[in-house]
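File shown: protein.tsv. Contents: TSV, C-alpha atoms.
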```
chain	number	residue	atom	x	y	z
A	645	MET	CA	-14.55	33.30	3.93
A	646	ALA	CA	-15.15	36.44	5.94
A	647	GLY	CA	-18.66	36.45	7.33
A	648	ALA	CA	-20.56	34.69	4.57
A	649	GLY	CA	-20.02	32.32	1.71
A	650	SER	CA	-23.34	32.07	0.00
A	651	VAL	CA	-25.55	32.40	3.08
A	652	PRO	CA	-25.14	35.14	5.68
A	653	LEU	CA	-24.73	33.53	9.09
A	654	LYS	CA	-27.07	35.96	10.82
A	655	SER	CA	-30.01	34.77	8.73
A	656	LEU	CA	-29.78	31.19	9.99
A	657	THR	CA	-31.90	29.87	12.81
A	658	ALA	CA	-30.33	28.69	16.01
A	659	GLU	CA	-30.88	25.10	14.96
A	660	GLN	CA	-29.23	25.61	11.60
A	661	LEU	CA	-26.31	27.33	13.30
A	662	GLU	CA	-25.97	24.30	15.55
A	663	ASN	CA	-25.77	22.07	12.50
A	664	VAL	CA	-23.16	24.23	10.83
A	665	ARG	CA	-21.18	24.37	14.06
A	666	GLY	CA	-21.31	20.59	14.39
A	667	ASP	CA	-20.11	20.11	10.83
A	668	LEU	CA	-17.29	22.60	11.28
A	669	GLU	CA	-16.19	20.97	14.52
A	670	LYS	CA	-16.02	17.62	12.74
A	671	ASP	CA	-14.00	19.14	9.91
A	672	VAL	CA	-11.60	20.82	12.31
A	673	GLY	CA	-11.13	17.57	14.23
A	674	MET	CA	-10.40	15.64	11.06
A	675	LEU	CA	-7.98	18.26	9.75
A	676	GLU	CA	-6.13	18.36	13.06
A	677	GLN	CA	-5.68	14.60	12.82
A	678	ASN	CA	-4.43	14.90	9.26
A	679	VAL	CA	-1.87	17.53	10.18
A	680	LYS	CA	-0.71	15.38	13.10
A	681	ALA	CA	-0.30	12.30	10.89
A	682	LEU	CA	1.61	14.36	8.33
A	683	ALA	CA	3.91	15.74	11.04
A	684	GLU	CA	4.66	12.20	12.19
A	685	ALA	CA	5.43	11.12	8.64
A	686	GLN	CA	7.72	14.10	8.34
A	687	GLN	CA	9.63	13.08	11.47
A	688	ARG	CA	10.09	9.52	10.20
A	689	LEU	CA	11.36	10.75	6.84
A	690	VAL	CA	13.83	13.13	8.48
A	691	ALA	CA	15.11	10.27	10.66
A	692	SER	CA	15.50	8.07	7.58
A	693	GLN	CA	17.30	10.80	5.73
A	694	GLU	CA	19.73	11.35	8.60
A	695	SER	CA	20.34	7.61	8.92
A	696	ALA	CA	21.13	7.42	5.24
A	697	GLY	CA	23.60	10.24	5.76
A	698	ARG	CA	25.44	8.30	8.46
A	699	MET	CA	25.63	5.07	6.49
A	700	ALA	CA	29.14	5.67	5.23
A	701	GLU	CA	30.63	5.74	8.72
A	702	MET	CA	28.61	2.74	9.89
A	703	GLY	CA	30.11	0.17	7.56
A	704	GLY	CA	31.74	-2.65	9.55
A	705	MET	CA	30.34	-1.44	12.87
A	706	ALA	CA	29.19	-3.91	15.48
A	707	ALA	CA	25.45	-3.90	16.02
A	708	MET	CA	22.68	-5.72	17.85
A	709	VAL	CA	20.29	-7.11	15.29
A	710	PRO	CA	16.64	-7.71	16.23
A	711	PHE	CA	15.98	-11.41	15.77
A	712	THR	CA	12.55	-11.75	17.30
A	713	ASP	CA	10.53	-9.66	19.71
A	714	GLY	CA	12.88	-9.37	22.63
A	715	ILE	CA	15.87	-11.25	21.23
A	716	TYR	CA	18.77	-9.42	19.68
A	717	LEU	CA	21.86	-11.05	18.23
A	718	PRO	CA	25.29	-9.51	17.90
A	719	GLY	CA	26.15	-8.76	14.32
A	720	LYS	CA	28.19	-6.55	12.12
A	721	ILE	CA	26.93	-4.00	9.63
A	722	GLY	CA	28.06	-5.07	6.21
A	723	ASP	CA	28.37	-3.17	3.01
A	724	THR	CA	26.55	0.14	3.29
A	725	SER	CA	27.11	1.33	-0.25
A	726	ARG	CA	23.60	0.21	-1.23
A	727	LEU	CA	20.44	0.79	0.74
A	728	LEU	CA	17.00	-0.69	0.02
A	729	VAL	CA	14.48	2.13	0.02
A	730	ASP	CA	10.71	1.73	0.36
A	731	LEU	CA	8.91	3.53	-2.46
A	732	GLY	CA	5.42	2.56	-1.38
A	733	THR	CA	2.82	0.08	-2.67
A	734	GLY	CA	5.25	-2.77	-2.09
A	735	TYR	CA	8.05	-1.49	-4.32
A	736	PHE	CA	11.62	-1.15	-3.11
A	737	VAL	CA	14.68	0.09	-4.92
A	738	GLU	CA	18.40	-0.03	-4.22
A	739	LYS	CA	20.04	3.31	-3.82
A	740	THR	CA	23.34	4.70	-2.69
A	741	PRO	CA	23.20	6.61	0.58
A	742	GLU	CA	23.41	9.91	-1.32
A	743	GLU	CA	20.58	8.97	-3.66
A	744	ALA	CA	18.56	7.77	-0.69
A	745	GLN	CA	19.01	11.13	1.02
A	746	LYS	CA	17.86	12.90	-2.14
A	747	TYR	CA	14.87	10.55	-2.36
A	748	PHE	CA	13.86	11.34	1.22
A	749	GLY	CA	14.29	15.00	0.39
A	750	ARG	CA	11.75	14.63	-2.42
A	751	ARG	CA	9.31	12.86	-0.13
A	752	LEU	CA	9.80	15.50	2.55
A	753	ALA	CA	9.03	18.26	0.05
A	754	ILE	CA	5.69	16.67	-0.76
A	755	VAL	CA	4.82	16.13	2.89
A	756	LYS	CA	5.76	19.73	3.68
A	757	GLU	CA	3.49	20.95	0.87
A	758	ASN	CA	0.61	18.85	2.20
A	759	ILE	CA	1.15	20.14	5.73
A	760	GLU	CA	1.00	23.71	4.50
A	761	LYS	CA	-2.19	23.05	2.55
A	762	ALA	CA	-3.88	21.26	5.42
A	763	SER	CA	-2.83	23.89	7.96
A	764	GLY	CA	-4.24	26.59	5.72
A	765	ILE	CA	-7.60	24.90	5.45
A	766	LEU	CA	-7.55	24.14	9.16
A	767	SER	CA	-7.01	27.81	10.07
A	768	GLN	CA	-9.81	28.85	7.77
A	769	LYS	CA	-12.23	26.32	9.24
A	770	GLN	CA	-11.27	27.38	12.75
A	771	ARG	CA	-12.03	30.99	11.84
A	772	ASN	CA	-15.37	29.95	10.37
A	773	LEU	CA	-16.14	27.99	13.52
A	774	GLU	CA	-15.40	31.04	15.67
A	775	ALA	CA	-17.63	33.16	13.47
A	776	VAL	CA	-20.49	30.71	13.82
A	777	GLN	CA	-20.01	30.53	17.58
A	778	ALA	CA	-20.03	34.32	17.83
A	779	VAL	CA	-23.28	34.64	15.87
A	780	TYR	CA	-24.78	31.82	17.95
A	781	ARG	CA	-23.88	33.57	21.20
A	782	SER	CA	-25.30	36.90	20.05
A	783	LYS	CA	-28.51	35.21	18.99
A	784	ALA	CA	-28.80	33.48	22.33
A	785	GLN	CA	-28.33	36.82	24.09
A	786	ASP	CA	-30.96	38.53	21.95
A	787	GLN	CA	-33.48	35.99	23.11
B	219	MET	CA	-53.12	15.95	-0.93
B	220	ALA	CA	-52.77	14.45	2.49
B	221	ILE	CA	-49.59	13.08	3.94
B	222	THR	CA	-49.59	10.42	6.60
B	223	ARG	CA	-47.21	9.86	9.49
B	224	GLU	CA	-46.10	6.64	7.83
B	225	GLN	CA	-45.20	8.47	4.65
B	226	MET	CA	-43.20	11.03	6.64
B	227	GLU	CA	-41.35	8.29	8.46
B	228	ALA	CA	-40.56	6.58	5.17
B	229	ILE	CA	-39.14	9.81	3.78
B	230	ALA	CA	-37.09	10.47	6.89
B	231	GLN	CA	-35.76	6.93	6.63
B	232	SER	CA	-34.73	7.41	3.02
B	233	VAL	CA	-32.92	10.63	3.92
B	234	GLN	CA	-30.84	8.79	6.50
B	235	GLU	CA	-30.18	5.79	4.28
B	236	THR	CA	-29.07	7.92	1.36
B	237	GLN	CA	-26.83	9.96	3.62
B	238	GLY	CA	-25.26	6.74	4.89
B	239	GLU	CA	-24.68	5.47	1.35
B	240	LEU	CA	-23.21	8.82	0.39
B	241	ASN	CA	-20.75	8.75	3.31
B	242	VAL	CA	-19.59	5.25	2.40
B	243	ALA	CA	-19.14	6.26	-1.24
B	244	GLN	CA	-17.21	9.40	-0.28
B	245	ASN	CA	-14.88	7.45	2.01
B	246	ASN	CA	-14.28	4.88	-0.70
B	247	ARG	CA	-13.48	7.59	-3.20
B	248	GLY	CA	-11.14	9.31	-0.77
B	249	SER	CA	-9.24	6.10	-0.22
B	250	LEU	CA	-8.95	5.52	-3.98
B	251	ARG	CA	-7.61	9.04	-4.45
B	252	ALA	CA	-4.95	8.37	-1.82
B	253	GLN	CA	-3.99	5.10	-3.50
B	254	LEU	CA	-3.71	6.84	-6.85
B	255	THR	CA	-1.41	9.49	-5.43
B	256	GLU	CA	0.80	6.84	-3.88
B	257	VAL	CA	1.09	4.80	-7.08
B	258	GLU	CA	1.72	7.94	-9.13
B	259	PHE	CA	4.63	8.72	-6.85
B	260	VAL	CA	6.11	5.26	-7.33
B	261	ALA	CA	5.68	5.59	-11.10
B	262	LYS	CA	7.56	8.88	-11.06
B	263	GLU	CA	10.39	7.46	-9.00
B	264	LEU	CA	10.71	4.45	-11.29
B	265	LYS	CA	10.77	6.74	-14.28
B	266	MET	CA	13.71	8.61	-12.77
B	267	LEU	CA	15.84	5.46	-12.66
B	268	THR	CA	17.81	5.43	-15.87
B	269	SER	CA	18.87	1.80	-15.80
B	270	GLU	CA	19.34	-1.29	-13.70
B	271	ASP	CA	22.75	0.09	-12.74
B	272	ASP	CA	21.10	2.75	-10.63
B	273	GLY	CA	19.83	-0.01	-8.44
B	274	ARG	CA	17.69	-3.09	-8.63
B	275	VAL	CA	13.96	-2.90	-8.13
B	276	PHE	CA	12.25	-5.27	-5.74
B	277	LYS	CA	8.60	-6.01	-5.17
B	278	LEU	CA	7.27	-7.27	-1.86
B	279	VAL	CA	4.94	-10.14	-2.62
B	280	GLY	CA	3.56	-11.32	0.70
B	281	PRO	CA	6.62	-12.13	2.82
B	282	ILE	CA	8.90	-12.49	-0.20
B	283	MET	CA	10.99	-9.74	-1.76
B	284	VAL	CA	11.26	-10.48	-5.47
B	285	ALA	CA	13.71	-8.78	-7.80
B	286	GLN	CA	11.92	-7.27	-10.78
B	287	GLY	CA	13.20	-5.88	-14.05
B	288	LEU	CA	12.83	-2.14	-14.39
B	289	ASP	CA	10.66	-2.39	-17.50
B	290	GLU	CA	8.42	-4.96	-15.93
B	291	ALA	CA	8.08	-2.90	-12.75
B	292	ARG	CA	7.19	0.21	-14.74
B	293	ALA	CA	4.65	-1.71	-16.79
B	294	ASN	CA	3.04	-3.19	-13.67
B	295	VAL	CA	2.83	0.18	-11.99
B	296	ASN	CA	1.25	1.74	-15.06
B	297	THR	CA	-1.32	-1.03	-15.24
B	298	ARG	CA	-2.12	-0.39	-11.60
B	299	LEU	CA	-2.44	3.33	-12.31
B	300	GLU	CA	-4.94	2.67	-15.08
B	301	PHE	CA	-6.92	0.32	-12.90
B	302	ILE	CA	-7.13	2.73	-9.97
B	303	GLY	CA	-7.95	5.56	-12.38
B	304	ALA	CA	-10.91	3.60	-13.72
B	305	GLU	CA	-12.12	2.71	-10.22
B	306	LEU	CA	-11.80	6.34	-9.19
B	307	LYS	CA	-13.93	7.47	-12.10
B	308	LYS	CA	-16.60	4.96	-11.09
B	309	ALA	CA	-16.41	6.19	-7.51
B	310	ASP	CA	-16.73	9.83	-8.60
B	311	ASP	CA	-19.81	8.99	-10.64
B	312	LEU	CA	-21.38	7.13	-7.73
B	313	VAL	CA	-20.74	9.99	-5.32
B	314	GLU	CA	-22.28	12.45	-7.75
B	315	LYS	CA	-25.33	10.25	-8.19
B	316	LEU	CA	-25.78	9.82	-4.43
B	317	GLU	CA	-25.31	13.55	-3.81
B	318	LYS	CA	-28.20	14.26	-6.16
B	319	LYS	CA	-30.30	11.56	-4.51
B	320	SER	CA	-29.51	12.95	-1.08
B	321	GLU	CA	-30.60	16.39	-2.24
B	322	GLN	CA	-33.86	14.95	-3.57
B	323	THR	CA	-34.70	13.09	-0.37
B	324	ARG	CA	-34.03	16.23	1.68
B	325	MET	CA	-36.32	18.22	-0.59
B	326	ALA	CA	-39.01	15.58	-0.17
B	327	LEU	CA	-38.60	15.79	3.59
B	328	LEU	CA	-38.97	19.57	3.60
B	329	GLN	CA	-42.02	19.38	1.38
B	330	GLY	CA	-43.52	16.69	3.56
B	331	GLN	CA	-42.90	18.77	6.68
B	332	GLN	CA	-44.56	21.76	5.05
B	333	LEU	CA	-47.58	19.67	4.05
B	334	LEU	CA	-47.80	18.25	7.55
B	335	MET	CA	-47.77	21.71	9.10
B	336	ASP	CA	-50.43	22.96	6.70
B	337	GLN	CA	-52.55	19.94	7.51
B	338	MET	CA	-52.22	20.47	11.23
B	339	ARG	CA	-53.14	24.10	10.88
B	340	ALA	CA	-56.19	23.23	8.75
B	341	GLN	CA	-57.27	20.63	11.29
B	342	GLY	CA	-56.76	23.05	14.12
B	343	ALA	CA	-58.87	25.68	12.35
B	344	ALA	CA	-61.60	23.12	11.62
B	345	GLN	CA	-61.69	21.99	15.30
B	346	GLY	CA	-61.73	25.56	16.51
B	347	LYS	CA	-65.09	26.19	14.88
```
Rewrite the coordinates I just gave you, this time as C-alpha coordinates.
Amino acid sequence: MAGAGSVPLKSLTAEQLENVRGDLEKDVGMLEQNVKALAEAQQRLVASQESAGRMAEMGGMAAMVPFTDGIYLPGKIGDTSRLLVDLGTGYFVEKTPEEAQKYFGRRLAIVKENIEKASGILSQKQRNLEAVQAVYRSKAQDQ
Amino acid sequence: MAITREQMEAIAQSVQETQGELNVAQNNRGSLRAQLTEVEFVAKELKMLTSEDDGRVFKLVGPIMVAQGLDEARANVNTRLEFIGAELKKADDLVEKLEKKSEQTRMALLQGQQLLMDQMRAQGAAQGK
(Lines of atoms letter the chains of each structure in order from A and count residues from 1; the text may use other names and numbers.)
(Lines give C-alpha, C1' and ligand atoms only; values in the text may rest on other atoms or scores of the structure.)
Protein backbone atom coordinates (compact mmCIF):
# COMPACT_ATOMS: atom_id res chain seq x y z
CA MET A 1 0.00 0.00 0.00
CA ALA A 2 2.35 2.70 -1.19
CA GLY A 3 1.19 6.08 0.02
CA ALA A 4 -2.56 5.64 -0.05
CA GLY A 5 -5.20 2.96 0.03
CA SER A 6 -8.45 4.77 -0.44
CA VAL A 7 -7.56 7.97 1.40
CA PRO A 8 -4.37 9.95 0.77
CA LEU A 9 -2.52 10.37 4.06
CA LYS A 10 -1.71 14.02 3.44
CA SER A 11 -5.40 14.94 3.43
CA LEU A 12 -5.96 13.74 7.00
CA THR A 13 -5.91 16.05 9.97
CA ALA A 14 -3.32 15.64 12.68
CA GLU A 15 -5.91 14.07 14.93
CA GLN A 16 -6.96 11.55 12.31
CA LEU A 17 -3.33 10.71 11.67
CA GLU A 18 -2.92 10.08 15.38
CA ASN A 19 -5.82 7.65 15.28
CA VAL A 20 -4.44 5.81 12.27
CA ARG A 21 -1.02 5.68 13.90
CA GLY A 22 -2.51 4.27 17.10
CA ASP A 23 -4.40 1.60 15.19
CA LEU A 24 -1.33 0.64 13.19
CA GLU A 25 0.81 0.43 16.32
CA LYS A 26 -1.74 -1.92 17.86
CA ASP A 27 -1.78 -4.07 14.73
CA VAL A 28 2.00 -4.21 14.60
CA GLY A 29 2.17 -5.19 18.27
CA MET A 30 -0.36 -7.96 17.79
CA LEU A 31 1.35 -9.29 14.67
CA GLU A 32 4.73 -9.31 16.39
CA GLN A 33 3.20 -11.40 19.17
CA ASN A 34 1.69 -13.77 16.63
CA VAL A 35 4.97 -14.27 14.84
CA LYS A 36 6.70 -14.89 18.18
CA ALA A 37 4.14 -17.50 19.22
CA LEU A 38 4.45 -19.20 15.84
CA ALA A 39 8.25 -19.27 16.14
CA GLU A 40 7.94 -20.92 19.54
CA ALA A 41 5.54 -23.51 18.17
CA GLN A 42 8.01 -24.15 15.38
CA GLN A 43 10.82 -24.78 17.88
CA ARG A 44 8.70 -27.24 19.86
CA LEU A 45 7.73 -29.13 16.72
CA VAL A 46 11.34 -29.36 15.56
CA ALA A 47 12.34 -30.69 19.00
CA SER A 48 9.55 -33.27 18.83
CA GLN A 49 10.56 -34.29 15.36
CA GLU A 50 14.18 -34.76 16.40
CA SER A 51 13.15 -36.75 19.47
CA ALA A 52 11.06 -39.02 17.31
CA GLY A 53 14.11 -39.52 15.13
CA ARG A 54 16.19 -40.68 18.09
CA MET A 55 13.58 -43.08 19.44
CA ALA A 56 15.10 -46.14 17.81
CA GLU A 57 18.37 -45.80 19.70
CA MET A 58 16.64 -45.02 23.00
CA GLY A 59 14.86 -48.32 23.45
CA GLY A 60 15.96 -49.99 26.70
CA MET A 61 17.88 -46.94 27.91
CA ALA A 62 17.88 -46.00 31.57
CA ALA A 63 16.00 -42.79 32.29
CA MET A 64 14.79 -40.62 35.14
CA VAL A 65 11.03 -40.41 34.94
CA PRO A 66 9.22 -37.38 36.39
CA PHE A 67 6.91 -38.67 39.10
CA THR A 68 5.73 -35.45 40.67
CA ASP A 69 7.05 -31.90 40.69
CA GLY A 70 10.56 -32.40 41.97
CA ILE A 71 10.59 -36.19 42.29
CA TYR A 72 12.08 -38.35 39.59
CA LEU A 73 12.24 -42.13 39.66
CA PRO A 74 14.75 -44.31 37.87
CA GLY A 75 13.17 -46.19 35.02
CA LYS A 76 13.87 -47.79 31.72
CA ILE A 77 12.55 -46.73 28.34
CA GLY A 78 10.46 -49.55 27.00
CA ASP A 79 9.32 -50.33 23.53
CA THR A 80 9.85 -47.32 21.29
CA SER A 81 8.31 -48.75 18.14
CA ARG A 82 5.07 -46.88 18.82
CA LEU A 83 4.75 -43.28 19.90
CA LEU A 84 1.56 -41.51 21.01
CA VAL A 85 1.27 -38.27 19.05
CA ASP A 86 -0.93 -35.31 19.99
CA LEU A 87 -3.13 -34.30 17.06
CA GLY A 88 -4.91 -31.50 18.86
CA THR A 89 -8.41 -31.07 20.32
CA GLY A 90 -7.80 -33.99 22.66
CA TYR A 91 -7.07 -36.60 19.99
CA PHE A 92 -3.97 -38.76 20.06
CA VAL A 93 -2.82 -41.43 17.66
CA GLU A 94 -0.17 -44.12 17.77
CA LYS A 95 2.53 -43.80 15.19
CA THR A 96 5.87 -45.34 14.43
CA PRO A 97 8.81 -43.00 14.91
CA GLU A 98 9.09 -42.54 11.13
CA GLU A 99 5.41 -41.69 10.77
CA ALA A 100 5.68 -39.35 13.73
CA GLN A 101 8.56 -37.52 12.07
CA LYS A 102 6.50 -37.18 8.89
CA TYR A 103 3.56 -35.92 10.93
CA PHE A 104 5.69 -33.26 12.59
CA GLY A 105 6.98 -32.36 9.15
CA ARG A 106 3.40 -31.70 8.02
CA ARG A 107 2.72 -29.56 11.07
CA LEU A 108 5.96 -27.66 10.55
CA ALA A 109 5.02 -26.91 6.94
CA ILE A 110 1.77 -25.30 8.07
CA VAL A 111 3.48 -23.29 10.80
CA LYS A 112 6.13 -22.12 8.34
CA GLU A 113 3.41 -20.99 5.93
CA ASN A 114 1.67 -19.06 8.70
CA ILE A 115 4.93 -17.42 9.76
CA GLU A 116 5.55 -16.26 6.21
CA LYS A 117 2.04 -14.86 5.90
CA ALA A 118 2.18 -13.08 9.24
CA SER A 119 5.67 -11.68 8.59
CA GLY A 120 4.48 -10.34 5.25
CA ILE A 121 1.55 -8.52 6.79
CA LEU A 122 3.75 -7.31 9.63
CA SER A 123 6.28 -5.76 7.23
CA GLN A 124 3.50 -4.06 5.32
CA LYS A 125 1.94 -2.62 8.47
CA GLN A 126 5.34 -1.43 9.65
CA ARG A 127 5.84 0.36 6.33
CA ASN A 128 2.39 1.93 6.63
CA LEU A 129 3.20 3.03 10.16
CA GLU A 130 6.42 4.68 8.98
CA ALA A 131 4.52 6.44 6.22
CA VAL A 132 1.97 7.79 8.68
CA GLN A 133 4.72 8.93 11.05
CA ALA A 134 6.51 10.70 8.20
CA VAL A 135 3.39 12.59 7.12
CA TYR A 136 2.67 13.43 10.77
CA ARG A 137 6.15 14.86 11.25
CA SER A 138 5.97 16.95 8.09
CA LYS A 139 2.60 18.32 9.13
CA ALA A 140 3.93 19.21 12.55
CA GLN A 141 6.84 21.04 10.92
CA ASP A 142 4.56 22.97 8.57
CA GLN A 143 2.73 24.34 11.56
CA MET B 1 -33.90 20.95 14.97
CA ALA B 2 -32.04 21.48 18.18
CA ILE B 3 -29.75 18.98 19.79
CA THR B 4 -29.11 18.94 23.50
CA ARG B 5 -25.98 18.04 25.43
CA GLU B 6 -27.83 15.06 26.84
CA GLN B 7 -28.63 13.78 23.38
CA MET B 8 -24.99 14.16 22.34
CA GLU B 9 -23.84 12.27 25.40
CA ALA B 10 -26.33 9.50 24.67
CA ILE B 11 -25.01 9.19 21.13
CA ALA B 12 -21.40 9.18 22.27
CA GLN B 13 -22.31 6.47 24.76
CA SER B 14 -23.92 4.32 22.08
CA VAL B 15 -20.84 4.68 19.88
CA GLN B 16 -18.65 3.33 22.68
CA GLU B 17 -21.04 0.55 23.62
CA THR B 18 -21.43 -0.64 20.06
CA GLN B 19 -17.67 -0.57 19.57
CA GLY B 20 -17.27 -2.67 22.71
CA GLU B 21 -19.86 -5.20 21.51
CA LEU B 22 -18.17 -5.31 18.12
CA ASN B 23 -14.76 -6.05 19.67
CA VAL B 24 -16.19 -8.89 21.76
CA ALA B 25 -17.94 -10.35 18.71
CA GLN B 26 -14.78 -10.10 16.60
CA ASN B 27 -12.68 -11.82 19.27
CA ASN B 28 -15.26 -14.58 19.59
CA ARG B 29 -15.29 -15.10 15.86
CA GLY B 30 -11.50 -15.16 15.71
CA SER B 31 -11.39 -17.83 18.38
CA LEU B 32 -14.00 -19.92 16.53
CA ARG B 33 -11.99 -19.65 13.32
CA ALA B 34 -8.91 -20.93 15.15
CA GLN B 35 -10.88 -23.84 16.60
CA LEU B 36 -12.22 -24.72 13.17
CA THR B 37 -8.73 -24.78 11.69
CA GLU B 38 -7.52 -27.04 14.48
CA VAL B 39 -10.37 -29.51 14.12
CA GLU B 40 -10.02 -29.52 10.33
CA PHE B 41 -6.40 -30.51 10.77
CA VAL B 42 -7.34 -33.40 13.06
CA ALA B 43 -9.99 -34.52 10.56
CA LYS B 44 -7.41 -34.56 7.79
CA GLU B 45 -4.94 -36.55 9.84
CA LEU B 46 -7.60 -39.09 10.80
CA LYS B 47 -8.58 -39.40 7.17
CA MET B 48 -4.99 -40.28 6.30
CA LEU B 49 -5.01 -43.30 8.60
CA THR B 50 -6.00 -46.24 6.48
CA SER B 51 -6.89 -48.63 9.27
CA GLU B 52 -6.53 -49.45 12.92
CA ASP B 53 -3.25 -51.15 12.04
CA ASP B 54 -1.66 -47.79 11.40
CA GLY B 55 -2.14 -47.04 15.04
CA ARG B 56 -4.89 -46.78 17.60
CA VAL B 57 -6.70 -43.52 18.15
CA PHE B 58 -7.15 -42.18 21.65
CA LYS B 59 -9.28 -39.37 22.98
CA LEU B 60 -8.38 -37.46 26.12
CA VAL B 61 -11.54 -37.19 28.18
CA GLY B 62 -10.64 -35.19 31.27
CA PRO B 63 -7.73 -37.07 32.86
CA ILE B 64 -8.55 -40.32 31.06
CA MET B 65 -7.16 -41.44 27.73
CA VAL B 66 -9.81 -43.56 26.03
CA ALA B 67 -9.18 -45.75 23.02
CA GLN B 68 -11.61 -44.94 20.22
CA GLY B 69 -12.43 -46.73 17.00
CA LEU B 70 -11.27 -44.95 13.89
CA ASP B 71 -14.77 -44.67 12.44
CA GLU B 72 -16.17 -43.34 15.66
CA ALA B 73 -13.34 -40.83 16.00
CA ARG B 74 -13.86 -39.61 12.45
CA ALA B 75 -17.60 -39.30 13.00
CA ASN B 76 -17.10 -37.35 16.22
CA VAL B 77 -14.65 -34.99 14.60
CA ASN B 78 -16.98 -34.37 11.69
CA THR B 79 -19.84 -33.61 14.04
CA ARG B 80 -17.59 -31.16 15.83
CA LEU B 81 -16.65 -29.58 12.50
CA GLU B 82 -20.30 -29.06 11.62
CA PHE B 83 -21.04 -27.59 15.01
CA ILE B 84 -18.15 -25.13 14.90
CA GLY B 85 -19.04 -24.27 11.31
CA ALA B 86 -22.56 -23.34 12.36
CA GLU B 87 -21.32 -21.28 15.31
CA LEU B 88 -18.85 -19.52 13.04
CA LYS B 89 -21.60 -18.58 10.61
CA LYS B 90 -23.61 -17.12 13.50
CA ALA B 91 -20.56 -15.21 14.68
CA ASP B 92 -19.91 -13.84 11.18
CA ASP B 93 -23.49 -12.63 10.94
CA LEU B 94 -23.28 -10.96 14.34
CA VAL B 95 -20.03 -9.19 13.47
CA GLU B 96 -21.52 -7.93 10.23
CA LYS B 97 -24.60 -6.66 12.04
CA LEU B 98 -22.52 -4.89 14.69
CA GLU B 99 -20.21 -3.37 12.08
CA LYS B 100 -23.22 -1.77 10.41
CA LYS B 101 -24.54 -0.58 13.77
CA SER B 102 -21.14 0.86 14.66
CA GLU B 103 -21.09 2.73 11.36
CA GLN B 104 -24.57 4.12 12.06
CA THR B 105 -23.72 5.34 15.55
CA ARG B 106 -20.58 7.04 14.24
CA MET B 107 -22.62 8.77 11.54
CA ALA B 108 -25.10 9.93 14.17
CA LEU B 109 -22.23 11.29 16.24
CA LEU B 110 -20.80 13.24 13.30
CA GLN B 111 -24.21 14.63 12.44
CA GLY B 112 -24.80 15.57 16.05
CA GLN B 113 -21.43 17.31 16.22
CA GLN B 114 -22.23 19.24 13.06
CA LEU B 115 -25.62 20.30 14.44
CA LEU B 116 -24.01 21.35 17.69
CA MET B 117 -21.45 23.49 15.91
CA ASP B 118 -24.12 25.12 13.76
CA GLN B 119 -26.15 25.83 16.86
CA MET B 120 -23.22 27.38 18.66
CA ARG B 121 -22.43 29.55 15.69
CA ALA B 122 -26.08 30.68 15.42
CA GLN B 123 -26.14 31.48 19.12
CA GLY B 124 -22.88 33.34 18.86
CA ALA B 125 -24.19 35.41 15.95
CA ALA B 126 -27.43 36.14 17.83
CA GLN B 127 -25.50 37.29 20.95
CA GLY B 128 -23.16 39.39 18.88
CA LYS B 129 -26.00 41.63 17.76
Residue neighbourhood stretch 676-679 of chain A, 12 Å, only C-alpha atoms, exclusion window fewer than 3 positions, as a PyMOL selection string: chain A and resi 669-673+682-686+755-767+769-770
Write a file of the selected residues as an mmCIF file, keeping the file's coordinate frame, keeping C-alpha atoms.
```
data_model
loop_
_atom_site.group_PDB
_atom_site.id
_atom_site.type_symbol
_atom_site.label_atom_id
_atom_site.label_comp_id
_atom_site.auth_asym_id
_atom_site.auth_seq_id
_atom_site.Cartn_x
_atom_site.Cartn_y
_atom_site.Cartn_z
ATOM 1 C CA GLU A 669 -16.190 20.970 14.520
ATOM 2 C CA LYS A 670 -16.020 17.620 12.740
ATOM 3 C CA ASP A 671 -14.000 19.140 9.910
ATOM 4 C CA VAL A 672 -11.600 20.820 12.310
ATOM 5 C CA GLY A 673 -11.130 17.570 14.230
ATOM 6 C CA LEU A 682 1.610 14.360 8.330
ATOM 7 C CA ALA A 683 3.910 15.740 11.040
ATOM 8 C CA GLU A 684 4.660 12.200 12.190
ATOM 9 C CA ALA A 685 5.430 11.120 8.640
ATOM 10 C CA GLN A 686 7.720 14.100 8.340
ATOM 11 C CA VAL A 755 4.820 16.130 2.890
ATOM 12 C CA LYS A 756 5.760 19.730 3.680
ATOM 13 C CA GLU A 757 3.490 20.950 0.870
ATOM 14 C CA ASN A 758 0.610 18.850 2.200
ATOM 15 C CA ILE A 759 1.150 20.140 5.730
ATOM 16 C CA GLU A 760 1.000 23.710 4.500
ATOM 17 C CA LYS A 761 -2.190 23.050 2.550
ATOM 18 C CA ALA A 762 -3.880 21.260 5.420
ATOM 19 C CA SER A 763 -2.830 23.890 7.960
ATOM 20 C CA GLY A 764 -4.240 26.590 5.720
ATOM 21 C CA ILE A 765 -7.600 24.900 5.450
ATOM 22 C CA LEU A 766 -7.550 24.140 9.160
ATOM 23 C CA SER A 767 -7.010 27.810 10.070
ATOM 24 C CA LYS A 769 -12.230 26.320 9.240
ATOM 25 C CA GLN A 770 -11.270 27.380 12.750
#
```
Residues of chain B within 8 Å of chain A, all atoms listed in the file counted, as a ChimeraX atom specification: /B:256-257,260,263,272-279
Padding of 8 Å on every side, edges along x, y and z, all listed atoms of stretch 314-333 of chain B included: what centre and edge lengths in Å, to one decimal, does that box have, as AutoDock Vina command-line options?
```
--center_x -34.9 --center_y 15.8 --center_z -0.8 --size_x 41.3 --size_y 27.9 --size_z 30.9
```
One decimal, in Å: what's the spacing between atom CA of A:Ala700 and atom CA of A:Glu742? 9.7 Å
10 Å contact set for stretch 235-238 of chain B, only C-alpha atoms, chain neighbours under 5 positions out, as a JSON list (two decimals) with C-alpha atoms, keeping the file's coordinate frame:
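Output saved as result.json:
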```json
[["chain", "number", "residue", "atom", "x", "y", "z"],
["B", 229, "ILE", "CA", -39.14, 9.81, 3.78],
["B", 230, "ALA", "CA", -37.09, 10.47, 6.89],
["B", 243, "ALA", "CA", -19.14, 6.26, -1.24],
["B", 244, "GLN", "CA", -17.21, 9.40, -0.28],
["B", 316, "LEU", "CA", -25.78, 9.82, -4.43],
["B", 317, "GLU", "CA", -25.31, 13.55, -3.81],
["B", 318, "LYS", "CA", -28.20, 14.26, -6.16],
["B", 319, "LYS", "CA", -30.30, 11.56, -4.51],
["B", 320, "SER", "CA", -29.51, 12.95, -1.08],
["B", 321, "GLU", "CA", -30.60, 16.39, -2.24],
["B", 322, "GLN", "CA", -33.86, 14.95, -3.57],
["B", 323, "THR", "CA", -34.70, 13.09, -0.37],
["B", 324, "ARG", "CA", -34.03, 16.23, 1.68]]
```
Rank nothing, just name the residue among B:Gln332, B:Ser269, B:Asn294, B:Asn241 nearest to B:Met226, using only C-alpha atoms.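 Closest candidate: B:Gln332.
Distance-wise, atom CA of A:Met705 and atom CA of A:Ile721 end up 5.4 Å apart.
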Could you state the separation of atom CA of B:Arg251 and atom CA of B:Asp311 in Å, given to one decimal place?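 Computing it gives 13.7 Å between the two atoms.
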From A:Met702, A:Val664, A:Leu653, A:Val690, residue lying nearest A:Ala744 [only C-alpha atoms]: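 With only C-alpha atoms as the atom set, the closest residue is A:Val690.
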Who sits within 9 Å of B:Glu258, all atoms listed in the file, same chain under 3 positions skipped, as a list in words: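 Neighbouring residues, sequence-local ones excluded: Gln253, Leu254, Thr255, Ala261, Lys262, Glu263, Val295, Asn296 and Leu299 of chain B.
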Best match for closeness to A:Ala696 among A:Ala658, A:Ala775, A:Phe711, A:Ser725, counting only C-alpha atoms: A:Ser725
